[in-house]
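*Asks:* Below you'll find target38.txt; it's compact mmCIF, C-alpha atoms and all ligand atoms.
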```txt
# COMPACT_ATOMS: atom_id res chain seq x y z
CA MET A 8 0.00 0.00 0.00
CA HIS A 9 1.35 3.43 -0.92
CA THR A 10 1.40 6.08 1.78
CA ASP A 11 3.33 8.69 -0.15
CA PHE A 12 0.67 11.03 -1.53
CA SER A 13 3.04 12.51 -4.09
CA ILE A 14 2.96 9.30 -6.12
CA PHE A 15 -0.83 9.14 -6.42
CA ARG A 16 -2.32 10.51 -9.61
CA ASP A 17 -2.83 14.24 -9.67
CA PHE A 18 -6.59 14.72 -9.74
CA PRO A 19 -8.87 16.84 -7.53
CA ILE A 20 -10.22 14.59 -4.78
CA THR A 21 -13.70 14.76 -3.29
CA ASP A 22 -14.60 12.65 -0.27
CA SER A 23 -18.28 11.78 -0.28
CA HIS A 24 -18.39 9.97 3.06
CA GLU A 25 -17.12 11.65 6.24
CA HIS A 26 -18.67 12.01 9.70
CA ILE A 27 -18.52 13.95 12.92
CA GLU A 28 -18.04 11.12 15.41
CA SER A 29 -16.15 12.59 18.34
CA ARG A 30 -18.39 14.78 20.44
CA GLU A 31 -16.30 17.86 21.13
CA ASP A 32 -16.31 21.64 20.97
CA VAL A 33 -17.59 22.49 17.48
CA ARG A 34 -14.77 25.04 17.03
CA LYS A 35 -12.31 22.16 17.27
CA THR A 36 -14.39 20.17 14.75
CA ILE A 37 -14.06 23.01 12.26
CA GLU A 38 -10.29 22.98 12.77
CA SER A 39 -10.27 19.20 12.20
CA TYR A 40 -11.91 19.57 8.80
CA ARG A 41 -9.66 22.49 7.88
CA ALA A 42 -6.70 20.22 8.67
CA ILE A 43 -8.19 17.30 6.67
CA PHE A 44 -8.63 19.55 3.61
CA SER A 45 -5.04 20.64 3.84
CA PHE A 46 -3.47 17.25 4.70
CA PHE A 47 -5.17 15.32 1.88
CA GLY A 48 -5.36 18.21 -0.58
CA TYR A 49 -9.10 17.63 -0.89
CA ASP A 50 -11.19 19.60 -3.30
CA ARG A 51 -14.54 18.95 -1.56
CA ILE A 52 -15.94 16.95 1.37
CA LEU A 53 -19.45 15.66 2.08
CA LEU A 54 -20.26 15.34 5.80
CA LEU A 55 -22.95 12.78 6.63
CA ALA A 56 -24.77 13.25 9.95
CA CYS A 57 -25.35 10.12 12.06
CA HIS A 58 -27.20 10.82 15.29
CA ASP A 59 -27.07 7.30 16.68
CA LEU A 60 -23.81 5.38 16.32
CA LEU A 61 -25.10 2.61 18.63
CA ASP A 62 -22.09 2.44 20.98
CA ARG A 63 -22.52 5.90 22.54
CA PRO A 64 -25.31 8.26 23.60
CA VAL A 65 -27.41 9.67 20.75
CA ASP A 66 -26.15 13.07 19.56
CA PRO A 67 -29.19 15.29 18.84
CA THR A 68 -26.92 18.11 17.62
CA CYS A 69 -25.11 16.14 14.90
CA SER A 70 -27.00 17.41 11.81
CA LEU A 71 -26.87 21.02 13.00
CA LYS A 72 -23.11 20.78 13.64
CA CYS A 73 -22.60 19.39 10.12
CA LEU A 74 -24.48 22.37 8.68
CA PHE A 75 -22.48 24.79 10.83
CA VAL A 76 -19.18 23.28 9.63
CA LYS A 77 -20.48 23.56 6.06
CA MET A 78 -21.07 27.28 6.54
CA ALA A 79 -17.68 27.76 8.20
CA LEU A 80 -15.82 26.03 5.34
CA SER A 81 -17.99 27.33 2.51
CA PRO A 82 -18.05 26.61 -0.41
CA LYS A 83 -16.02 23.38 -0.19
CA LEU A 84 -17.98 21.38 2.35
CA TYR A 85 -21.41 19.81 1.79
CA ALA A 86 -23.67 18.36 4.50
CA PHE A 87 -26.39 15.69 4.66
CA ALA A 88 -28.82 15.71 7.61
CA GLY A 89 -29.31 12.41 9.41
CA LEU A 90 -32.64 10.84 10.29
CA GLN A 91 -33.36 11.03 14.04
CA HIS A 92 -35.40 8.73 16.27
CA THR A 93 -36.68 9.00 19.81
CA TYR A 94 -37.51 5.27 19.95
CA ASP A 95 -41.00 5.90 21.29
CA GLU A 96 -44.46 6.95 20.06
CA ARG A 97 -43.03 10.18 18.62
CA ASP A 98 -41.36 8.19 15.81
CA THR A 99 -44.05 8.45 13.14
CA ALA A 100 -44.28 8.72 9.36
CA GLU A 101 -45.34 12.37 9.76
CA GLU A 102 -42.31 13.11 11.93
CA TYR A 103 -39.84 11.55 9.46
CA LEU A 104 -41.47 13.49 6.62
CA ARG A 105 -41.18 16.66 8.69
CA GLN A 106 -37.48 15.98 9.28
CA ILE A 107 -36.53 15.53 5.64
CA ARG A 108 -38.64 18.49 4.52
CA SER A 109 -37.19 20.79 7.15
CA ALA A 110 -33.61 19.62 6.38
CA TRP A 111 -34.10 20.24 2.67
CA GLU A 112 -35.65 23.67 3.24
CA MET A 113 -32.85 24.59 5.67
CA GLY A 114 -30.19 24.01 3.01
CA PHE A 115 -28.78 20.54 3.63
CA ASP A 116 -27.46 18.95 0.44
CA GLY A 117 -29.19 15.62 1.04
CA PHE A 118 -30.14 13.05 3.64
CA LYS A 119 -28.14 10.26 5.33
CA MET A 120 -29.75 7.05 6.55
CA LEU A 121 -27.90 4.57 8.74
CA GLU A 122 -31.16 2.65 9.19
CA GLY A 123 -30.06 -0.29 7.00
CA LYS A 124 -27.30 -1.15 9.48
CA PRO A 125 -28.58 -4.24 11.27
CA GLY A 126 -28.10 -2.87 14.82
CA LEU A 127 -30.07 0.28 14.04
CA ARG A 128 -32.58 -1.65 11.92
CA VAL A 129 -33.33 -3.75 15.02
CA LYS A 130 -33.33 -0.75 17.38
CA THR A 131 -35.93 1.14 15.28
CA GLY A 132 -37.90 -2.07 14.74
CA GLN A 133 -38.65 -0.88 11.19
CA ALA A 134 -37.83 -2.52 7.87
CA LEU A 135 -36.50 -0.09 5.27
CA CYS A 136 -39.64 -0.68 3.21
CA SER A 137 -41.88 -0.07 6.24
CA GLU A 138 -44.87 2.25 5.80
CA ILE A 139 -43.29 4.59 8.34
CA TYR A 140 -40.61 5.66 5.82
CA GLU A 141 -42.94 5.87 2.82
CA PRO A 142 -43.93 9.59 2.93
CA MET A 143 -40.25 10.47 3.50
CA PHE A 144 -39.06 8.46 0.47
CA ALA A 145 -41.91 9.82 -1.66
CA TYR A 146 -40.90 13.37 -0.75
CA ALA A 147 -37.21 12.62 -1.49
CA GLU A 148 -38.18 11.18 -4.86
CA GLN A 149 -40.42 14.11 -5.72
CA LYS A 150 -37.80 16.72 -4.73
CA GLN A 151 -34.90 14.63 -6.10
CA ILE A 152 -33.09 14.80 -2.74
CA PRO A 153 -29.84 12.80 -2.74
CA ILE A 154 -29.77 10.06 -0.09
CA THR A 155 -26.82 8.02 1.15
CA LEU A 156 -28.00 4.78 2.74
CA HIS A 157 -25.97 2.37 4.83
CA ALA A 158 -27.28 -1.03 3.77
CA THR A 159 -26.54 -4.21 5.72
CA ASP A 160 -22.96 -4.95 6.85
CA PRO A 161 -20.10 -7.17 5.67
CA ALA A 162 -21.02 -10.86 5.57
CA TYR A 163 -18.52 -11.80 8.29
CA PHE A 164 -20.44 -9.67 10.84
CA TRP A 165 -22.94 -12.56 10.83
CA ASP A 166 -20.24 -15.03 11.83
CA PRO A 167 -17.05 -13.33 13.06
CA PRO A 168 -14.06 -15.04 14.70
CA GLU A 169 -14.78 -15.80 18.37
CA GLU A 170 -12.09 -13.38 19.63
CA GLU A 171 -13.68 -10.42 17.83
CA LYS A 172 -17.21 -11.00 19.10
CA GLU A 173 -17.04 -9.08 22.36
CA ASN A 174 -15.66 -5.92 20.80
CA MET A 175 -18.16 -6.11 17.94
CA ARG A 176 -21.00 -6.51 20.44
CA ARG A 177 -19.76 -3.41 22.29
CA LEU A 178 -19.84 -1.45 19.03
CA GLY A 179 -23.36 -2.69 18.22
CA TRP A 180 -22.00 -4.46 15.12
CA LEU A 181 -22.36 -8.10 16.10
CA ILE A 182 -25.37 -9.75 14.47
CA GLU A 183 -27.37 -11.46 17.20
CA PRO A 184 -29.70 -14.45 16.69
CA GLY A 185 -33.03 -13.43 15.17
CA TRP A 186 -31.68 -10.29 13.48
CA PRO A 187 -32.48 -9.75 9.78
CA SER A 188 -30.26 -11.44 7.23
CA ARG A 189 -28.31 -9.62 4.53
CA HIS A 190 -30.76 -10.97 2.00
CA GLU A 191 -33.76 -9.56 3.89
CA ILE A 192 -32.23 -6.09 3.99
CA PHE A 193 -31.28 -6.18 0.29
CA THR A 194 -34.86 -7.21 -0.49
CA GLU A 195 -36.22 -4.29 1.53
CA ILE A 196 -34.11 -1.86 -0.52
CA ASP A 197 -35.39 -3.43 -3.74
CA THR A 198 -38.95 -2.87 -2.52
CA VAL A 199 -38.21 0.80 -1.82
CA MET A 200 -36.63 1.25 -5.26
CA GLN A 201 -39.52 -0.50 -7.02
CA ARG A 202 -41.92 1.93 -5.35
CA HIS A 203 -39.67 4.96 -5.98
CA PRO A 204 -37.60 4.32 -9.09
CA ARG A 205 -36.54 7.97 -9.39
CA LEU A 206 -35.09 8.04 -5.86
CA ARG A 207 -31.51 9.35 -6.03
CA LEU A 208 -30.02 6.70 -3.78
CA VAL A 209 -26.34 6.03 -3.17
CA ILE A 210 -25.58 2.91 -1.17
CA ALA A 211 -22.54 3.27 1.09
CA HIS A 212 -19.57 0.87 1.32
CA LEU A 213 -19.72 -0.86 -2.06
CA MET A 214 -17.39 -3.74 -1.40
CA CYS A 215 -18.14 -4.13 2.29
CA ASP A 216 -21.73 -4.88 1.66
CA TYR A 217 -21.87 -6.06 -1.93
CA GLU A 218 -19.07 -8.60 -1.90
CA ASP A 219 -20.73 -10.31 -4.81
CA VAL A 220 -20.05 -8.35 -8.00
CA ARG A 221 -23.10 -9.91 -9.66
CA GLU A 222 -25.39 -8.58 -6.92
CA ALA A 223 -23.84 -5.09 -7.17
CA THR A 224 -24.28 -5.19 -10.96
CA ARG A 225 -27.87 -6.36 -10.74
CA PHE A 226 -28.72 -3.47 -8.41
CA LEU A 227 -27.26 -0.76 -10.66
CA GLU A 228 -28.78 -2.32 -13.78
CA SER A 229 -32.21 -2.42 -12.14
CA TYR A 230 -32.27 1.16 -10.85
CA PRO A 231 -30.61 3.77 -13.07
CA ASN A 232 -30.75 6.57 -10.45
CA THR A 233 -28.64 4.69 -7.91
CA GLY A 234 -24.91 4.48 -7.24
CA TYR A 235 -22.37 3.32 -4.67
CA ASP A 236 -19.82 5.10 -2.56
CA LEU A 237 -16.64 3.06 -2.26
CA THR A 238 -15.82 3.75 1.39
CA ALA A 239 -13.54 0.83 2.00
CA CYS A 240 -13.44 -1.91 4.56
CA GLU A 241 -10.04 -3.55 4.56
CA SER A 242 -11.12 -7.18 4.63
CA GLU A 243 -13.42 -6.75 1.69
CA TYR A 244 -10.70 -5.54 -0.66
CA THR A 245 -9.08 -8.89 -0.06
CA ILE A 246 -12.32 -10.60 -1.07
CA ALA A 247 -12.60 -8.38 -4.16
CA SER A 248 -8.99 -9.27 -4.96
CA GLN A 249 -10.18 -12.80 -5.65
CA ALA A 250 -12.15 -11.55 -8.68
CA PRO A 251 -10.05 -8.64 -9.99
CA GLU A 252 -11.15 -8.89 -13.62
CA ALA A 253 -14.87 -8.91 -12.76
CA TRP A 254 -14.51 -5.92 -10.43
CA ARG A 255 -12.39 -4.00 -12.94
CA GLU A 256 -15.06 -4.55 -15.56
CA PHE A 257 -17.68 -3.35 -13.05
CA PHE A 258 -15.72 -0.14 -12.35
CA LEU A 259 -15.26 0.58 -16.06
CA ARG A 260 -18.89 -0.06 -16.85
CA PHE A 261 -20.37 1.97 -13.96
CA ALA A 262 -17.69 4.68 -13.80
CA ASP A 263 -20.37 7.40 -13.77
CA ARG A 264 -22.09 6.04 -10.66
CA LEU A 265 -19.26 5.44 -8.18
CA TYR A 266 -18.04 7.90 -5.54
CA PHE A 267 -14.82 8.00 -3.59
CA GLY A 268 -15.25 8.02 0.22
CA THR A 269 -13.22 7.22 3.32
CA ASP A 270 -15.45 7.19 6.45
CA MET A 271 -13.07 9.67 8.04
CA ASP A 272 -14.25 11.46 11.16
CA ASN A 273 -12.99 14.42 13.15
CA PRO A 274 -9.50 13.68 14.52
CA SER A 275 -7.40 16.18 16.44
CA PRO A 276 -6.34 18.71 13.84
CA ASP A 277 -2.65 17.84 13.70
CA GLU A 278 -0.77 15.73 11.17
CA GLU A 279 0.23 13.02 13.60
CA SER A 280 -3.37 12.44 14.74
CA ILE A 281 -4.63 12.38 11.16
CA ARG A 282 -2.04 9.75 10.26
CA HIS A 283 -3.45 7.51 13.00
CA THR A 284 -7.04 7.64 11.79
CA TRP A 285 -8.93 4.99 9.86
CA GLY A 286 -9.55 7.75 7.29
CA TYR A 287 -5.82 7.91 6.54
CA THR A 288 -5.55 4.13 6.06
CA SER A 289 -8.76 4.07 4.05
CA ASN A 290 -7.44 6.85 1.82
CA CYS A 291 -4.13 5.12 1.13
CA LEU A 292 -5.69 1.68 0.69
CA SER A 293 -8.46 2.83 -1.67
CA ARG A 294 -6.21 5.00 -3.77
CA THR A 295 -3.56 2.31 -4.13
CA TYR A 296 -6.23 -0.27 -4.94
CA LEU A 297 -7.86 1.90 -7.63
CA GLU A 298 -4.78 3.54 -9.12
CA SER A 299 -1.74 1.34 -8.79
CA THR A 300 -0.44 -0.48 -11.84
CA GLU A 301 1.02 -3.19 -9.61
CA ASP A 302 -0.48 -5.56 -7.06
CA PHE A 303 0.53 -4.81 -3.47
CA GLU A 304 0.77 -6.30 0.00
CA ARG A 305 -0.33 -5.16 3.39
CA HIS A 306 0.00 -7.11 6.65
CA GLY A 307 0.95 -10.16 4.60
CA VAL A 308 -2.21 -10.02 2.47
CA ARG A 309 -1.92 -9.64 -1.30
CA TYR A 310 -4.23 -7.17 -3.06
CA ARG A 311 -4.96 -7.12 -6.79
CA SER A 312 -5.08 -3.47 -7.91
CA LEU A 313 -7.74 -2.39 -10.37
CA ARG A 314 -5.34 -0.36 -12.58
CA LEU A 315 -8.12 2.03 -13.59
CA PRO A 316 -7.51 4.49 -16.44
CA ASP A 317 -7.31 8.24 -15.79
CA ASP A 318 -10.76 9.09 -17.15
CA VAL A 319 -12.43 6.61 -14.77
CA ILE A 320 -10.35 7.76 -11.79
CA ARG A 321 -11.24 11.39 -12.47
CA LYS A 322 -14.96 10.59 -12.47
CA ILE A 323 -14.80 8.59 -9.22
CA TYR A 324 -12.63 11.14 -7.43
CA HIS A 325 -14.34 14.29 -8.62
CA ASP A 326 -16.72 14.58 -11.55
CA ASN A 327 -19.45 12.29 -10.23
CA PHE A 328 -19.56 14.18 -6.92
CA VAL A 329 -20.15 17.47 -8.76
CA THR A 330 -22.78 15.91 -11.03
CA ARG A 331 -24.58 14.55 -7.98
CA LEU A 332 -24.31 17.57 -5.67
CA ASN A 333 -23.55 20.52 -8.00
CA GLU A 334 -20.59 22.89 -8.24
CA ARG A 335 -21.53 24.62 -5.02
CA PRO A 336 -23.34 23.45 -1.88
CA ARG A 337 -26.96 24.54 -1.43
CA ARG A 338 -27.57 27.89 0.25
CA VAL A 339 -28.36 27.69 3.96
CA ASP A 340 -31.44 29.39 5.38
CA VAL A 341 -29.57 30.92 8.31
CA GLN A 342 -32.69 31.98 10.17
CA ALA A 343 -34.17 28.47 9.96
CA PHE A 344 -30.84 27.05 11.17
CA ARG A 345 -30.75 29.46 14.09
CA ASP A 346 -34.37 28.66 15.02
CA ALA A 347 -33.60 24.92 14.96
CA CYS A 348 -30.59 25.41 17.26
CA GLN A 349 -32.69 27.57 19.60
CA LYS A 350 -35.52 25.04 19.73
CA LEU A 351 -33.18 22.16 20.45
CA LEU A 352 -31.42 24.18 23.16
CA GLU A 353 -34.75 24.94 24.83
CA ASN A 354 -35.66 21.25 24.77
CA MET A 355 -32.28 20.40 26.27
CA GLU A 356 -32.65 22.97 29.00
CA GLU A 357 -35.79 21.17 30.11
CA ASP A 358 -33.74 17.99 30.27
CA ALA A 359 -32.76 17.42 33.89
CA ALA A 360 -29.89 15.10 32.94
CA GLU A 361 -26.55 16.81 33.43
CA SER A 362 -24.18 14.46 31.67
CA ASP A 363 -21.00 15.84 30.15
CA TYR A 364 -22.51 15.19 26.73
CA VAL A 365 -25.58 17.30 27.47
CA LYS A 366 -23.40 20.11 28.83
CA LEU A 367 -21.22 20.04 25.71
CA ASP A 368 -24.24 19.97 23.40
CA ARG A 369 -25.62 23.07 25.10
CA ILE A 370 -22.27 24.87 24.83
CA ASN A 371 -22.13 24.07 21.11
CA LEU A 372 -25.71 25.15 20.48
CA ARG A 373 -25.18 28.45 22.31
CA TYR A 374 -21.95 29.04 20.39
CA MET A 375 -23.59 28.34 17.02
CA ILE A 376 -26.55 30.61 17.84
CA ASP A 377 -24.18 33.42 18.90
CA ARG A 378 -21.97 33.11 15.83
CA ILE A 379 -24.79 33.46 13.33
CA SER A 380 -26.76 36.16 15.15
ZN ZN B 401 -19.85 5.99 7.49
```
Would you mind giving the structure from this file in structure tokens?
Ligand SMILES: [Zn+2]

*Replies:*
Amino acid sequence: MHTDFSIFRDFPITDSHEHIESREDVRKTIESYRAIFSFFGYDRILLLACHDLLDRPVDPTCSLKCLFVKMALSPKLYAFAGLQHTYDERDTAEEYLRQIRSAWEMGFDGFKMLEGKPGLRVKTGQALCSEIYEPMFAYAEQKQIPITLHATDPAYFWDPPEEEKENMRRLGWLIEPGWPSRHEIFTEIDTVMQRHPRLRLVIAHLMCDYEDVREATRFLESYPNTGYDLTACESEYTIASQAPEAWREFFLRFADRLYFGTDMDNPSPDEESIRHTWGYTSNCLSRTYLESTEDFERHGVRYRSLRLPDDVIRKIYHDNFVTRLNERPRRVDVQAFRDACQKLLENMEEDAAESDYVKLDRINLRYMIDRIS
């Protein structure tokens, strides 16, 4: 795997899959993304909000922080709002429709759903094709709102090595008995797409979740408005390396519908910290895998590079992002953003819980309200 960025091909790079994961002062988060732009020489970044990462308390401020970072780093950063749940009777079809409408009107560039991840799929108790999501998908289709959906998980999550199980359970990743199968979740997505064929859906983590190139091909053939972000998982590149010709053919054929992504989050904004992130490894691994004209090794495993031509690389790294999300991010309705921060802060002030998270969330909301007043 190459780690010297000077030998990668010289194209503008857009990253269509990053998150705010560490809950911290939002000023530091802005510095993290400034540092990521500079370290990787990125042209553009898309931040995807995830309110519930399963292994930590739900972050009700996540979407608003993503939009605030977008404004701070304008016009190079784009933001998708994440769907939020309260896991009680307030989770209704009307509420989900309200969320996507208000996010779109506020100036988010699209919508992120983690709801196809088995742990969250079980926690919500709702299939992706459930009636509860129908008005939301219909609205997204009508308004042509881009959606990034996390669908299923790598196959080995269903049967991992014994020594990994405890850690995976802690993360909310381990598939427990009775949870939906990969096939069930794929079928649910097909149902959604059959009902809403114009939905602009990008499925995250191409090779993590679609290890079978025939299944990935079938999906793109069936639904012309869909695509995949690449966002790598290490083990799955080794699986893809067993069928290098088939995957290369796939990349050449669907070059207009694939998006580079790394799953990077907000590290401390210094070079050393960035080098220790998964985002750094993911960047080097993906770029070597796509670009290199030679096979390579990492940790004793041999990878078969795809040796993609320049025109395909340029589309995956840059052009497809711009086609999907435009030259510039959508304009933010600052007043609506401020009102949303204010409303959330008022709700949180009624909350008697005084955890460090709640305190930090209030500090961030007050800061964001002050800065845009
Ligand atoms: Zn992600």

*Asks:* Taking 4 positions as the minimum chain separation for residues in the same chain, which residues sit within 10 Å of segment 64-79 of chain A when counting only C-alpha atoms? Answer as a ChimeraX atom specification.

*Replies:* /A:26-28,30,33-34,36-38,40-41,52-60,83-93,110,113-116,118-119,336-339,341,344-345,347-348,351-352,355,364-365,368-369,371-372,375-376,378-379

*Asks:* What does the list of residues within 8 Å of ligand ZN 401 (chain B) look like if you count all atoms listed in the file, written as a PyMOL selection string?

*Replies:* chain A and resi 24-26+55+157+211+238+269-271

*Asks:* Compile the contact shell of Glu183 of chain A as a list in words: residues with an atom at most 12 Å away, counting all atoms listed in the file, same-chain residues fewer than 3 positions apart removed.

*Replies:*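 The residues that qualify are Pro125, Gly126, Val129, Phe164, Trp165, Asp166, Pro167, Lys172, Glu173, Met175, Arg176, Gly179, Trp180, Trp186, Pro187 and Ser188 of chain A.
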
*Asks:* Do you know which residues are at most 8 Å from Leu213 of chain A counting only C-alpha atoms, after dropping those on the same chain fewer than 5 positions away, and could you put them as number ranges by chain?

*Replies:* A: 218, 223, 235-239

*Asks:* Any chance you could tabulate, as a Markdown table, the residues of segment 29-66 of chain A at most 10 Å from segment 311-327 of chain A with each one's nearest atom pair and distance in Å to one decimal, using all atoms listed in the file, in chain and rising number order?

*Replies:*
```
| residue | atom | partner | partner_atom | distance |
| --- | --- | --- | --- | --- |
| A:Tyr49 | CA | A:Tyr324 | CA | 9.9 |
| A:Asp50 | CA | A:His325 | CA | 8.1 |
| A:Arg51 | CA | A:His325 | CA | 8.5 |
```

*Asks:* Convert the current residue selection to file output with C-alpha atoms, as an mmCIF file, keeping the file's coordinate frame.

*Replies:*
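That gives us result-v1.cif:
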```
data_model
loop_
_atom_site.group_PDB
_atom_site.id
_atom_site.type_symbol
_atom_site.label_atom_id
_atom_site.label_comp_id
_atom_site.auth_asym_id
_atom_site.auth_seq_id
_atom_site.Cartn_x
_atom_site.Cartn_y
_atom_site.Cartn_z
ATOM 1 C CA TYR A 49 -9.100 17.630 -0.890
ATOM 2 C CA ASP A 50 -11.190 19.600 -3.300
ATOM 3 C CA ARG A 51 -14.540 18.950 -1.560
#
```

*Asks:* Measuring between only C-alpha atoms, which one of A:Met143, A:Ile20, A:Leu181, A:Ile14 shows the shortest distance to Thr295 of chain A?

*Replies:*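 So, comparing all the options, the nearest one is A:Ile14.
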
*Asks:* How would you write as a PyMOL selection string the residues that get within 9 Å of (-0.8, 14.1, 9.9) in the file's frame, counting only C-alpha atoms?

*Replies:* chain A and resi 42-43+46+276-283+287

*Asks:* So, with all atoms listed in the file as the atoms that count, which of A:Phe267, A:Tyr244, A:Trp254, A:Tyr163 lies closest to Phe303 of chain A?

*Replies:*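 Ranked by minimum distance to Phe303 of chain A, first place goes to A:Tyr244.
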
*Asks:* Using all atoms listed in the file, find all polymer residues with an atom at most 7 Å away from the point (-1.9, -0.9, 4.8); report them as number ranges by chain.

*Replies:* A: 8, 288, 292, 305-306

*Asks:* Could you work out how far atom CA of Ile246 of chain A lies from atom CA of Arg309 of chain A, giving the answer in Å with one decimal?

*Replies:*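 Calculated distance between atom CA of Arg309 of chain A and atom CA of Ile246 of chain A is 10.4 Å.
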
*Asks:* I need the residue nearest Asp17 of chain A from this list: A:Gln342, A:Glu298, A:Arg260, A:Thr131. Use all atoms listed in the file for the distance.

*Replies:*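 Closest to Asp17 of chain A of all the choices is A:Glu298.
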
*Asks:* Rounded to one decimal place, report the atom CA of Phe144 of chain A-atom CA of Ala262 of chain A distance in Å.

*Replies:* 26.0 Å

*Asks:* Could you check how far atom CA of Tyr374 of chain A sits from atom CA of Gly117 of chain A, in Å to one decimal?

*Replies:*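 It comes out at 24.6 Å.
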
*Asks:* Would you fill the gaps in segment 116-129 of chain A so it has N, CA and C atoms, then print it as an mmCIF file, in the frame of the given file?

*Replies:*
```
data_model
loop_
_atom_site.group_PDB
_atom_site.id
_atom_site.type_symbol
_atom_site.label_atom_id
_atom_site.label_comp_id
_atom_site.auth_asym_id
_atom_site.auth_seq_id
_atom_site.Cartn_x
_atom_site.Cartn_y
_atom_site.Cartn_z
ATOM 1 N N ASP A 116 -27.657 19.385 1.827
ATOM 2 C CA ASP A 116 -27.460 18.950 0.440
ATOM 3 C C ASP A 116 -28.060 17.577 0.176
ATOM 4 N N GLY A 117 -28.582 16.939 1.207
ATOM 5 C CA GLY A 117 -29.190 15.620 1.040
ATOM 6 C C GLY A 117 -29.450 15.022 2.418
ATOM 7 N N PHE A 118 -29.677 13.725 2.429
ATOM 8 C CA PHE A 118 -30.140 13.050 3.640
ATOM 9 C C PHE A 118 -29.346 11.757 3.814
ATOM 10 N N LYS A 119 -28.904 11.486 5.039
ATOM 11 C CA LYS A 119 -28.140 10.260 5.330
ATOM 12 C C LYS A 119 -29.020 9.316 6.148
ATOM 13 N N MET A 120 -29.047 8.054 5.758
ATOM 14 C CA MET A 120 -29.750 7.050 6.550
ATOM 15 C C MET A 120 -28.787 5.937 6.937
ATOM 16 N N LEU A 121 -28.701 5.697 8.242
ATOM 17 C CA LEU A 121 -27.900 4.570 8.740
ATOM 18 C C LEU A 121 -28.839 3.386 9.037
ATOM 19 N N GLU A 122 -30.114 3.568 8.718
ATOM 20 C CA GLU A 122 -31.160 2.650 9.190
ATOM 21 C C GLU A 122 -31.097 1.254 8.576
ATOM 22 N N GLY A 123 -30.232 1.063 7.541
ATOM 23 C CA GLY A 123 -30.060 -0.290 7.000
ATOM 24 C C GLY A 123 -28.993 -1.078 7.745
ATOM 25 N N LYS A 124 -28.286 -0.424 8.675
ATOM 26 C CA LYS A 124 -27.300 -1.150 9.480
ATOM 27 C C LYS A 124 -28.070 -2.040 10.456
ATOM 28 N N PRO A 125 -27.730 -3.330 10.511
ATOM 29 C CA PRO A 125 -28.580 -4.240 11.270
ATOM 30 C C PRO A 125 -28.882 -3.793 12.704
ATOM 31 N N GLY A 126 -27.877 -3.284 13.431
ATOM 32 C CA GLY A 126 -28.100 -2.870 14.820
ATOM 33 C C GLY A 126 -29.157 -1.775 14.917
ATOM 34 N N LEU A 127 -29.101 -0.813 14.009
ATOM 35 C CA LEU A 127 -30.070 0.280 14.040
ATOM 36 C C LEU A 127 -31.424 -0.184 13.486
ATOM 37 N N ARG A 128 -31.364 -1.066 12.506
ATOM 38 C CA ARG A 128 -32.580 -1.650 11.920
ATOM 39 C C ARG A 128 -33.385 -2.368 13.007
ATOM 40 N N VAL A 129 -32.670 -3.051 13.919
ATOM 41 C CA VAL A 129 -33.330 -3.750 15.020
ATOM 42 C C VAL A 129 -33.805 -2.750 16.074
#
```
